[in-house]
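Note sheet for the following structure.
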Amino acid sequence: MNMHDTTTRVRHTLAMAGLGVLCLAGLSACQGERSDEPPHQFLPDMDDSPKFKPQTETEFFADGRAMRPHVPGTVAFGDTTRVDDLSRARYLRASAEVWDGLDPAGTPLAEGEPAYAKTIPGGALEVFKARLDDHHEPYADDADAMKKMITRGQERFNIYCSVCHGFKGEGSDPANFTGGIVGRRWKTPVPNFHDPKYSDKTVKTGLDGYVFNVIRHGVPDADPAKPLKMPSYADKVSEIDAWAIVSYVRTLQAAWTEQTPTPPATSGGNAGGAK
C-alpha cells in the first residue's frame with residue numbers, strides 16, 4: 001500500500017468519525033428541549049395538500065359549492081361487489097310493491113305477509129334479511145327471519161304507534177279516556193285496528209299497501225277543514241320498518257280475533273289514526 005492510499009483511507013476514517021460525533025452531538029442537544037416551532041417536514045407527502053371541508057364555498061366550481069352533487073344516472077351497486085348481494089334492493093328500490101306498497105296498476109297492494117315477502121322478487125322479507133346481515137344477526141330460515149321481522153314491527157309499533165292506537169291497536173275512546181296516552185286526548189277517536197274496516201282485506205282501507213302508505217305518507221286526501229288526520233312518519237319509519245309494522249298489526253288482529261270473536265267497532269276515521 002502506497003502513501004497516497006494510506007492518506008486517503010485515514011481521511012475517510014476521520015470524516016466518518018466526525019460525522020458520527022456530529023450526529024451524537026445533535027441527539028444530545030435535542031434531549032429535553034422544547035419548542036413552539038412546527039416540526040420540520042422532510043417528507044411532507046400529502047400533509048399539506050389542499051382540501052375542501054364540508055358545506056364550504058369555493059371558486060373552483062361554477063356553482064360555488066365545494067361538495068359535489070351525485071353524477072346524474074348513477075345507481076349505487078350495493079354494500080359489496082357481489083351481484084347477488086341482498087343490499088342491492090335497498091339501493092335500487094326497483095319494486096313499487098316493496099318501496100311504495102303499490103301493485104303494478106298503481107293501487108295499494110292487496111296482499112301483504114306472507115304473500116308480498118314470497119312472491120315479489122327482492123321482496124320486503126329479502127330486504128329485511130339483508131338488514132339482519134348488515135347487523136350480523138343470524139337467522140335460521142325464512143320463518144325465523146319473518147319472526148324477527150314481526151318482532152322488529154312490534155318494537156317500532158310500540159315506539160311510534162302505541163301512543164295513539166294503544167299497545168294492542170285498540171284505538172282510543174276520548175269519552176272514557178281510554179287508548180294510547182296521546183290518542184285518548186284527541187277529540188276524535190283514534191281508529192281501532194281490529195275494526196273490520198282495517199282488518200278486512202276486501203276493502204281498500206284493509207289492504208296492506210294502504211296501511212303501509214298511511215304510515216309512510218299519512219292519511220290520503222285528508223280534509224284540512226276537519227279534525228287532523230295522521231301525518232307522514234317517513235322521517236321516523238323506513239319502508240322496511242313500515243312493512244314490519246304491518247306484519248305486527250296483522251299479528252295483533254289475528255290474536256284479537258282468536259280471543260274476541262266480535263271485536264268492537266270504532267267510529268270511522270282512516271287507517272293510521274285521526275289526529
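In the C-alpha cells, each chain is lettered A, B, ... as it comes, each chain's residues begin at 1, and ligands are numbered from 1 in order of appearance.
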Legend entry - For A:Arg184: contacts at 10 Å, only C-alpha atoms, fewer than 3 positions along chain excluded, given as a ChimeraX atom specification: /A:163-166,171-181,187-190
Just to be explicit: take each residue in the selection above, keep N, CA, C and O atoms, and write the result as a compact mmCIF listing (two decimals), in the first residue's frame.
```txt
# COMPACT_ATOMS: atom_id res chain seq x y z
N VAL A 163 -98.71 5.07 21.20
CA VAL A 163 -99.09 6.27 21.95
C VAL A 163 -100.45 6.80 21.53
O VAL A 163 -101.13 7.47 22.32
N CYS A 164 -100.86 6.50 20.29
CA CYS A 164 -102.18 6.91 19.83
C CYS A 164 -103.13 5.72 19.73
O CYS A 164 -104.28 5.79 20.18
N HIS A 165 -102.65 4.62 19.15
CA HIS A 165 -103.53 3.48 18.88
C HIS A 165 -103.59 2.49 20.04
O HIS A 165 -104.41 1.57 19.99
N GLY A 166 -102.77 2.65 21.04
CA GLY A 166 -102.73 1.69 22.14
C GLY A 166 -101.81 0.52 21.81
O GLY A 166 -101.57 0.21 20.64
N GLY A 171 -107.14 1.40 19.50
CA GLY A 171 -107.65 2.74 19.26
C GLY A 171 -107.93 3.48 20.55
O GLY A 171 -107.45 3.10 21.62
N SER A 172 -108.70 4.56 20.47
CA SER A 172 -108.97 5.36 21.68
C SER A 172 -110.45 5.72 21.76
O SER A 172 -111.17 5.73 20.77
N ASP A 173 -110.84 6.00 22.97
CA ASP A 173 -112.22 6.44 23.25
C ASP A 173 -112.12 7.66 24.17
O ASP A 173 -112.05 7.53 25.39
N PRO A 174 -112.07 8.86 23.58
CA PRO A 174 -111.90 10.06 24.40
C PRO A 174 -112.97 10.21 25.48
O PRO A 174 -112.71 10.74 26.56
N ALA A 175 -114.20 9.74 25.19
CA ALA A 175 -115.29 9.89 26.16
C ALA A 175 -114.98 9.15 27.45
O ALA A 175 -115.31 9.60 28.56
N ASN A 176 -114.32 8.01 27.33
CA ASN A 176 -113.98 7.21 28.51
C ASN A 176 -112.50 7.30 28.87
O ASN A 176 -112.02 6.59 29.75
N PHE A 177 -111.78 8.19 28.15
CA PHE A 177 -110.36 8.43 28.40
C PHE A 177 -109.58 7.12 28.37
O PHE A 177 -108.82 6.79 29.28
N THR A 178 -109.77 6.34 27.30
CA THR A 178 -109.05 5.08 27.13
C THR A 178 -108.27 5.12 25.83
O THR A 178 -108.52 5.95 24.95
N GLY A 179 -107.32 4.19 25.69
CA GLY A 179 -106.49 4.11 24.50
C GLY A 179 -105.08 4.58 24.77
O GLY A 179 -104.64 4.68 25.92
N GLY A 180 -104.35 4.90 23.70
CA GLY A 180 -102.98 5.37 23.85
C GLY A 180 -102.91 6.66 24.64
O GLY A 180 -103.85 7.46 24.66
N ILE A 181 -101.80 6.88 25.29
CA ILE A 181 -101.65 8.03 26.19
C ILE A 181 -101.84 9.36 25.46
O ILE A 181 -102.28 10.35 26.04
N LYS A 187 -109.96 14.82 20.44
CA LYS A 187 -111.42 14.89 20.45
C LYS A 187 -112.03 13.83 19.54
O LYS A 187 -113.11 13.32 19.80
N THR A 188 -111.31 13.51 18.44
CA THR A 188 -111.80 12.49 17.51
C THR A 188 -111.17 11.15 17.87
O THR A 188 -109.96 11.06 18.06
N PRO A 189 -111.96 10.08 17.97
CA PRO A 189 -111.41 8.77 18.32
C PRO A 189 -110.33 8.32 17.34
O PRO A 189 -110.46 8.51 16.13
N VAL A 190 -109.28 7.75 17.87
CA VAL A 190 -108.24 7.16 17.02
C VAL A 190 -108.72 5.78 16.60
O VAL A 190 -109.18 5.00 17.43
```
Inset, instruction - Write out as a PyMOL selection string all residues of stretch 73-215 of chain A that DSSP puts in alpha helix (DSSP H) for this structure's backbone. - result: chain A and resi 88-92+96-99+115-119+124-134+142-156+162-165+196-199+208-215
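Here the question is which of A:Gly78, A:Val182, A:Ala145, A:Ala124 gets nearest to A:Ser95 using only C-alpha atoms, and that residue is A:Ala124.
What separates atom CA of A:Asp100 from atom CA of A:Arg216 is a distance of 8.7 Å.
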